[in-house]
Structures are given as C-alpha cells and as structure tokens.
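Since the structure comes first, as structure tokens, the remarks are kept for the end.
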Amino acid sequence: MNIIIVSDRSPIDISAALCVLVAQKAFKDAKFHIAIPSEGVAQDEVATEIFKKYSCETYEIPEPGLKVCGRDYRIINKINALRFFYKSGPAVLVDSDYIFIKSICENMFFGRKCAAVPEHGRHLFPWVDLYAKFQLPFPTVKVVLGSGEVSDPWLNAGFVYAENPSLFGQIWYMYALAINDMEEVPERYPYLDQIALPLAMTHLTGKAFSHDCVLSERFNQNLYSWAPDQSYVANGFAVHHHNRVVLLRKYFGSTIIPWIKDGYPEIDYLLEKLTKFSKD
C-alpha cells in the first residue's frame, strides 16, 4: 500500500520518521513515499537516515509559497504531495504525526475514488454558498463527528485516501486556491485544506457527497490531552498523536514502543526529540 507523507522542518521530519519506524513491524506492506519541499529545509540527520535505511522513496514538491489570511500556509505541502505524486495506483496521504499500529490494505477502500474520516469537532462554514459558488450538488448526507455532533460533511485531512492521487491533488489544490480568495469564508487559516476537501471530493466523484467518501474513525484515532481515558485508540489502525509524547507513552509504553524498540532502537531518539515539541 502506498503511503504518502511530508517531511518538512522539525518536528515534522521527526514525526514522519517515527511513522516509518513503527510501520517496520506494525505495517510491513507499507511503501512510504516522502515528499520534501524544494527549498531545502534542513532535515534531522537521524530522520533522513531512517528514510534511506528503510527503503522510503523521496520526491520533491514545490516550496509552499502560499499565504492564507496573511500567514504562511505550509499545510499546502500535503496537497502538493498528492499533486506531484509520481506513481500510478491508489495511495493514502497521512499527516506526519501518525503511527500505524495495524496493517491496512487497498481492499479496505474498494469502490471509492477518495475518502477521509470525519473531524472531531464541529465548525460552521457557509457550505450552501460554497457548493453553489462552484456549481456543485449540495450533500444529501450528514456525517457524525468524533464529538457525536451531526454536521454537513466536515472531514479531517490527516488521513486521505485517493484512487488517483495526482488527479485528486490537482482538484483539491484548485479548490483551496479559489476558497483562499473568498474573504467571506471564516477560519481559512488554518482550515483551508479541510474546507476545500469535501468540495474537491464532490468534484472528483461527479455526484453529491455520499458515505462512499467517509471512512471509519478507526483510521484516525486522535490523542487528546483533555480526554481522561483513550485506551480505545488501540482498536484503531492509525493513531493521530499530535506529537503528544506523554500520551504515546501512556497508551503504548508497555506494548507498541518496546515491541518496536526490539529491533529498531532509533525509536528512543525520535521520542526524545519529539518531547521538545510535545503538545502534552
């Protein structure tokens, strides 16, 4: 299974290396493709060595160069990672701050052109106006968010499946640029990628957004500092840890972490480095 991940300035490069390292045991069939911005951002030496040692293919993407609400928007890197993906066949784009704790396979996405997991919390955007602006059919379904709220399609962009990554990336990028110019749309920073995502999916599929584009929360188990017990994350395929190292150690310190360390001792270095950027 092709897995696309961006490696940028720290801690993104460290997180990406952790994702690759854990997958050496937890997701052996993963074929990692590391997208690196062209401006030559310094990469951690250990992270770079991990990419080489474990047969990751690296490729160059343009430097971001996009401003959203007057601020540099490096999140566009992940859309560019899809746009410039160089291989045919499906792929999953994941944020760097993920680890796979179980294997996934292409059959899990059978019949889908693109898909993602609903976001945790609700945000209100002028969805009716946005779909009308782009002459797209309005969704006929709602999604259940991680919080339990019901919403118009609002998706997390940390785990995105695409049957044709390059094509979907081009469409997603087109909508992101168009929405960035729409001052009436709130919270474009930092949510531009997520606002554009369901619109791009509707464009690609050629029909109103449906549950074909919605994945189970098991593909995106978030770790939150405010939640008292998140032991359920072990039931998922992938954990979105947001660099919360204390929580990684809490829930995987006696299972995944020592299992990986037995054969891949670099995990200690990566976790120690990530602790400096931790959101715990």
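Naming scheme: A, B, ... for chains in displayed order of the structure tokens; residues 1 onward per chain; ligands 1 onward as shown.
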
Excluding stretch 233-250 of chain A and its own-chain neighbours fewer than 6 positions away, which residues fall within 8 Å of it when counting only C-alpha atoms? Please give them as a short mmCIF file (atom, residue, chain, number, x, y, z; two decimals) with N, CA and C atoms, in the first residue's frame.
```cif
data_model
loop_
_atom_site.label_atom_id
_atom_site.label_comp_id
_atom_site.auth_asym_id
_atom_site.auth_seq_id
_atom_site.Cartn_x
_atom_site.Cartn_y
_atom_site.Cartn_z
N SER A 15 8.55 13.35 13.27
CA SER A 15 7.28 12.60 13.31
C SER A 15 7.17 11.64 12.14
N ASP A 97 2.32 13.28 11.91
CA ASP A 97 2.14 12.90 13.31
C ASP A 97 1.14 11.74 13.47
N TYR A 98 1.35 10.72 12.66
CA TYR A 98 0.58 9.48 12.70
C TYR A 98 1.52 8.33 12.98
N ILE A 99 0.98 7.29 13.60
CA ILE A 99 1.65 5.98 13.56
C ILE A 99 0.59 4.95 13.19
N PHE A 100 1.00 3.99 12.38
CA PHE A 100 0.13 2.85 12.07
C PHE A 100 0.40 1.78 13.12
N ILE A 101 -0.66 1.31 13.76
CA ILE A 101 -0.49 0.25 14.75
C ILE A 101 -1.05 -1.08 14.25
N LYS A 102 -1.68 -1.05 13.08
CA LYS A 102 -2.14 -2.25 12.40
C LYS A 102 -1.99 -2.04 10.90
N SER A 103 -1.95 -3.11 10.15
CA SER A 103 -1.85 -3.02 8.70
C SER A 103 -3.19 -2.62 8.08
N ILE A 104 -3.11 -1.91 6.97
CA ILE A 104 -4.28 -1.65 6.15
C ILE A 104 -3.96 -2.16 4.74
N GLY A 158 -6.06 14.61 7.83
CA GLY A 158 -4.84 13.92 8.23
C GLY A 158 -4.69 12.53 7.65
N GLU A 217 -13.72 5.94 11.94
CA GLU A 217 -12.80 6.63 12.84
C GLU A 217 -11.60 5.75 13.20
N ARG A 218 -11.67 4.45 12.91
CA ARG A 218 -10.54 3.57 13.20
C ARG A 218 -9.30 3.93 12.38
N PHE A 219 -9.48 4.69 11.31
CA PHE A 219 -8.34 5.12 10.50
C PHE A 219 -7.72 6.41 11.05
N ASN A 220 -8.35 7.01 12.05
CA ASN A 220 -7.83 8.30 12.56
C ASN A 220 -8.20 8.43 14.03
N GLN A 221 -7.49 7.70 14.88
CA GLN A 221 -7.74 7.74 16.31
C GLN A 221 -6.89 8.86 16.93
N ASN A 222 -7.55 9.96 17.29
CA ASN A 222 -6.85 11.11 17.84
C ASN A 222 -6.49 10.90 19.31
N LEU A 223 -5.34 11.42 19.70
CA LEU A 223 -4.97 11.50 21.10
C LEU A 223 -5.13 12.95 21.57
N TYR A 224 -5.98 13.15 22.56
CA TYR A 224 -6.25 14.50 23.08
C TYR A 224 -5.80 14.59 24.53
N SER A 225 -5.21 15.72 24.89
CA SER A 225 -4.70 15.90 26.25
C SER A 225 -5.83 16.06 27.26
N ILE A 257 5.68 0.51 21.88
CA ILE A 257 7.02 1.12 21.96
C ILE A 257 8.11 0.09 22.25
N LEU A 271 11.49 9.70 19.98
CA LEU A 271 10.56 10.12 21.03
C LEU A 271 11.16 11.21 21.90
N LEU A 274 10.98 14.40 19.89
CA LEU A 274 9.61 14.89 19.80
C LEU A 274 9.14 15.50 21.10
N THR A 275 9.68 15.04 22.22
CA THR A 275 9.28 15.58 23.52
C THR A 275 9.50 17.09 23.58
N PHE A 277 8.97 19.16 21.32
CA PHE A 277 7.90 19.84 20.58
C PHE A 277 6.52 19.38 21.07
N SER A 278 6.51 18.61 22.16
CA SER A 278 5.28 17.94 22.58
C SER A 278 4.18 18.92 22.95
N LYS A 279 2.94 18.53 22.62
CA LYS A 279 1.76 19.32 22.96
C LYS A 279 1.07 18.80 24.22
N ASP A 280 1.75 17.96 24.97
CA ASP A 280 1.14 17.40 26.19
C ASP A 280 0.84 18.52 27.17
#
```

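For the atom pair formed by atom CA of A:Glu39 and atom CA of A:Pro62, the distance is 7.6 Å, given to one decimal.
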
Could you check how far atom CA of A:Pro137 sits from atom CA of A:Leu199, in Å to one decimal?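 Interatomic distance, atom CA of A:Pro137 to atom CA of A:Leu199: 9.5 Å.
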
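Residue nearest A:Ile179 within the list A:Lys133, A:Arg71, A:Lys52, A:Lys273: A:Lys133 [criterion: smallest interatomic distance, only C-alpha atoms].
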
What is the distance between atom CA of A:Thr202 and atom CA of A:Ile61, in Å to one decimal?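 Spanning atom CA of A:Thr202 to atom CA of A:Ile61 is a straight-line distance of 25.4 Å.
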
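If you measure from each of A:Ser210, A:Gln24, A:Thr48, A:Asn107 to A:Met1 using only C-alpha atoms, the closest one turns out to be A:Asn107.
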
Could I get the residues of stretch 87-176 of chain A with an atom no further than 12 Å from an atom of stretch 79-83 of chain A, each paired with its nearest atom pair and that distance in Å to one decimal, using only C-alpha atoms, sorted by chain and residue number, as a Markdown table?
```
| residue | atom | partner | partner_atom | distance |
| --- | --- | --- | --- | --- |
| A:Lys87 | CA | A:Leu82 | CA | 10.3 |
| A:Ser88 | CA | A:Leu82 | CA | 11.5 |
| A:Pro90 | CA | A:Leu82 | CA | 10.7 |
| A:Ala91 | CA | A:Leu82 | CA | 8.9 |
| A:Val92 | CA | A:Leu82 | CA | 9.2 |
| A:Leu93 | CA | A:Leu82 | CA | 7.3 |
| A:Val94 | CA | A:Ala81 | CA | 10.2 |
| A:Asp95 | CA | A:Ile79 | CA | 10.8 |
| A:Ala157 | CA | A:Ile79 | CA | 9.6 |
| A:Gly158 | CA | A:Ile79 | CA | 10.9 |
| A:Phe159 | CA | A:Ile79 | CA | 11.8 |
| A:Val160 | CA | A:Leu82 | CA | 9.8 |
| A:Tyr161 | CA | A:Leu82 | CA | 10.2 |
| A:Ala162 | CA | A:Leu82 | CA | 8.7 |
| A:Glu163 | CA | A:Leu82 | CA | 11.0 |
| A:Asn164 | CA | A:Leu82 | CA | 9.0 |
| A:Pro165 | CA | A:Leu82 | CA | 5.2 |
| A:Ser166 | CA | A:Arg83 | CA | 4.4 |
| A:Leu167 | CA | A:Arg83 | CA | 6.7 |
| A:Phe168 | CA | A:Arg83 | CA | 7.2 |
| A:Gly169 | CA | A:Arg83 | CA | 4.1 |
| A:Gln170 | CA | A:Arg83 | CA | 5.2 |
| A:Ile171 | CA | A:Arg83 | CA | 8.5 |
| A:Trp172 | CA | A:Ile79 | CA | 6.9 |
| A:Tyr173 | CA | A:Ile79 | CA | 6.3 |
| A:Met174 | CA | A:Ile79 | CA | 10.1 |
| A:Tyr175 | CA | A:Ile79 | CA | 10.9 |
| A:Ala176 | CA | A:Ile79 | CA | 9.2 |
```

Pull N, CA and C atoms from the residues just selected and write them as a compact mmCIF listing (two decimals), in the first residue's frame.
```txt
# COMPACT_ATOMS: atom_id res chain seq x y z
N LYS A 87 3.61 8.06 -8.96
CA LYS A 87 3.29 6.68 -9.27
C LYS A 87 1.80 6.52 -9.56
N SER A 88 1.47 5.52 -10.36
CA SER A 88 0.07 5.21 -10.61
C SER A 88 -0.44 4.32 -9.48
N PRO A 90 -3.56 3.64 -6.27
CA PRO A 90 -4.06 4.35 -5.10
C PRO A 90 -3.00 4.59 -4.04
N ALA A 91 -3.30 5.54 -3.17
CA ALA A 91 -2.39 5.87 -2.07
C ALA A 91 -3.18 6.50 -0.93
N VAL A 92 -2.59 6.47 0.23
CA VAL A 92 -3.12 7.17 1.39
C VAL A 92 -2.13 8.25 1.79
N LEU A 93 -2.64 9.47 1.92
CA LEU A 93 -1.85 10.59 2.43
C LEU A 93 -2.10 10.69 3.93
N VAL A 94 -1.03 10.70 4.72
CA VAL A 94 -1.20 10.88 6.16
C VAL A 94 -0.34 12.04 6.65
N ASP A 95 -0.84 12.73 7.68
CA ASP A 95 -0.02 13.72 8.36
C ASP A 95 1.19 13.02 8.97
N ALA A 157 -8.27 16.14 7.52
CA ALA A 157 -7.41 15.97 6.35
C ALA A 157 -6.10 15.26 6.69
N GLY A 158 -6.06 14.61 7.83
CA GLY A 158 -4.84 13.92 8.23
C GLY A 158 -4.69 12.53 7.65
N PHE A 159 -5.79 11.95 7.18
CA PHE A 159 -5.76 10.62 6.56
C PHE A 159 -6.71 10.69 5.37
N VAL A 160 -6.14 10.74 4.16
CA VAL A 160 -6.94 10.91 2.95
C VAL A 160 -6.58 9.82 1.95
N TYR A 161 -7.58 9.05 1.54
CA TYR A 161 -7.37 8.03 0.52
C TYR A 161 -7.72 8.61 -0.84
N ALA A 162 -6.89 8.29 -1.84
CA ALA A 162 -7.17 8.70 -3.22
C ALA A 162 -6.85 7.56 -4.17
N GLU A 163 -7.82 7.22 -5.00
CA GLU A 163 -7.61 6.19 -6.01
C GLU A 163 -6.60 6.66 -7.04
N ASN A 164 -6.68 7.94 -7.39
CA ASN A 164 -5.74 8.57 -8.32
C ASN A 164 -5.15 9.78 -7.60
N PRO A 165 -4.05 9.61 -6.88
CA PRO A 165 -3.54 10.67 -6.01
C PRO A 165 -3.24 11.98 -6.73
N SER A 166 -2.56 11.93 -7.86
CA SER A 166 -2.18 13.15 -8.56
C SER A 166 -3.41 13.93 -9.03
N LEU A 167 -4.37 13.23 -9.60
CA LEU A 167 -5.59 13.89 -10.07
C LEU A 167 -6.34 14.53 -8.91
N PHE A 168 -6.52 13.77 -7.84
CA PHE A 168 -7.24 14.33 -6.71
C PHE A 168 -6.48 15.51 -6.11
N GLY A 169 -5.17 15.42 -6.03
CA GLY A 169 -4.37 16.52 -5.51
C GLY A 169 -4.54 17.79 -6.34
N GLN A 170 -4.60 17.66 -7.65
CA GLN A 170 -4.80 18.83 -8.51
C GLN A 170 -6.15 19.48 -8.25
N ILE A 171 -7.18 18.66 -8.10
CA ILE A 171 -8.53 19.19 -7.85
C ILE A 171 -8.59 19.85 -6.48
N TRP A 172 -8.04 19.19 -5.48
CA TRP A 172 -8.03 19.73 -4.11
C TRP A 172 -7.30 21.07 -4.08
N TYR A 173 -6.17 21.14 -4.76
CA TYR A 173 -5.38 22.37 -4.82
C TYR A 173 -6.18 23.49 -5.49
N MET A 174 -6.88 23.18 -6.56
CA MET A 174 -7.67 24.18 -7.27
C MET A 174 -8.72 24.79 -6.36
N TYR A 175 -9.41 23.96 -5.59
CA TYR A 175 -10.44 24.48 -4.68
C TYR A 175 -9.83 25.26 -3.52
N ALA A 176 -8.70 24.81 -3.02
CA ALA A 176 -8.04 25.54 -1.94
C ALA A 176 -7.66 26.95 -2.37
```

Quick one: everything within 8 Å of A:Cys213, counting only C-alpha atoms, minus sequence neighbours fewer than 6 positions away in the same chain. Send it as number ranges by chain. A: 112-116, 201

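Residues lying within 12 Å of A:Glu184, counting only C-alpha atoms and ignoring same-chain neighbours fewer than 2 positions away, are Cys69, Phe125, Pro126, Trp127, Asp129, Leu130, Ile179, Asn180, Asp181, Met182, Pro186, Glu187 and Arg188 of chain A.
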
Looking at A:Leu177, A:Leu155, A:Val68, A:Ile50, which one is nearest to A:Pro190, with distances taken over only C-alpha atoms?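 Distance minimum relative to A:Pro190 lands on A:Val68.
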
Fewer than 2 positions away in the same chain doesn't count, so skip those; otherwise give me all residues within 10 Å of A:Tyr73, counting only C-alpha atoms, as a compact mmCIF listing (two decimals) with C-alpha atoms, in the first residue's frame.
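Resulting contents of out-v3.txt:
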```
# COMPACT_ATOMS: atom_id res chain seq x y z
CA PRO A 64 4.73 26.26 -0.26
CA GLY A 65 4.71 29.97 -1.13
CA LEU A 66 1.04 30.37 -0.16
CA LYS A 67 -0.30 32.89 2.31
CA VAL A 68 -3.67 32.42 3.96
CA CYS A 69 -5.12 35.32 5.92
CA GLY A 70 -1.68 36.95 5.71
CA ARG A 71 0.16 33.96 7.20
CA ILE A 75 -0.17 22.88 5.28
CA ILE A 76 -0.43 23.19 1.48
CA ASN A 77 2.59 20.84 1.39
CA TYR A 189 -6.35 29.80 8.44
CA PRO A 190 -5.69 27.09 9.46
CA LEU A 192 -8.30 25.94 4.24
CA ASP A 193 -7.34 22.36 3.33
```

Would you return as number ranges by chain the members of stretch 189-266 of chain A that DSSP assigns to strand (DSSP E or B) on this structure's backbone? A: 214, 221-222, 238-240

Stretch 33-76 of chain A: which residues are alpha helix (DSSP H) by DSSP, as a list in words?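 Answer for stretch 33-76 of chain A, restricted to alpha helix (DSSP H): Glu45, Val46, Ala47, Thr48, Glu49, Ile50, Phe51, Lys52, Lys53 and Ile76 of chain A.
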
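Comparing the minimum interatomic distances between A:Met108 and each of A:Asp152, A:Glu63, A:Asp72, A:Asp212, counting only C-alpha atoms, we find that A:Asp212 sits nearest.
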
Closest to A:Pro258 among A:Leu204, A:Val185, A:Ala227, A:Val22, using only C-alpha atoms?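 Of A:Leu204, A:Val185, A:Ala227, A:Val22, the one nearest A:Pro258, counting only C-alpha atoms, is A:Val22.
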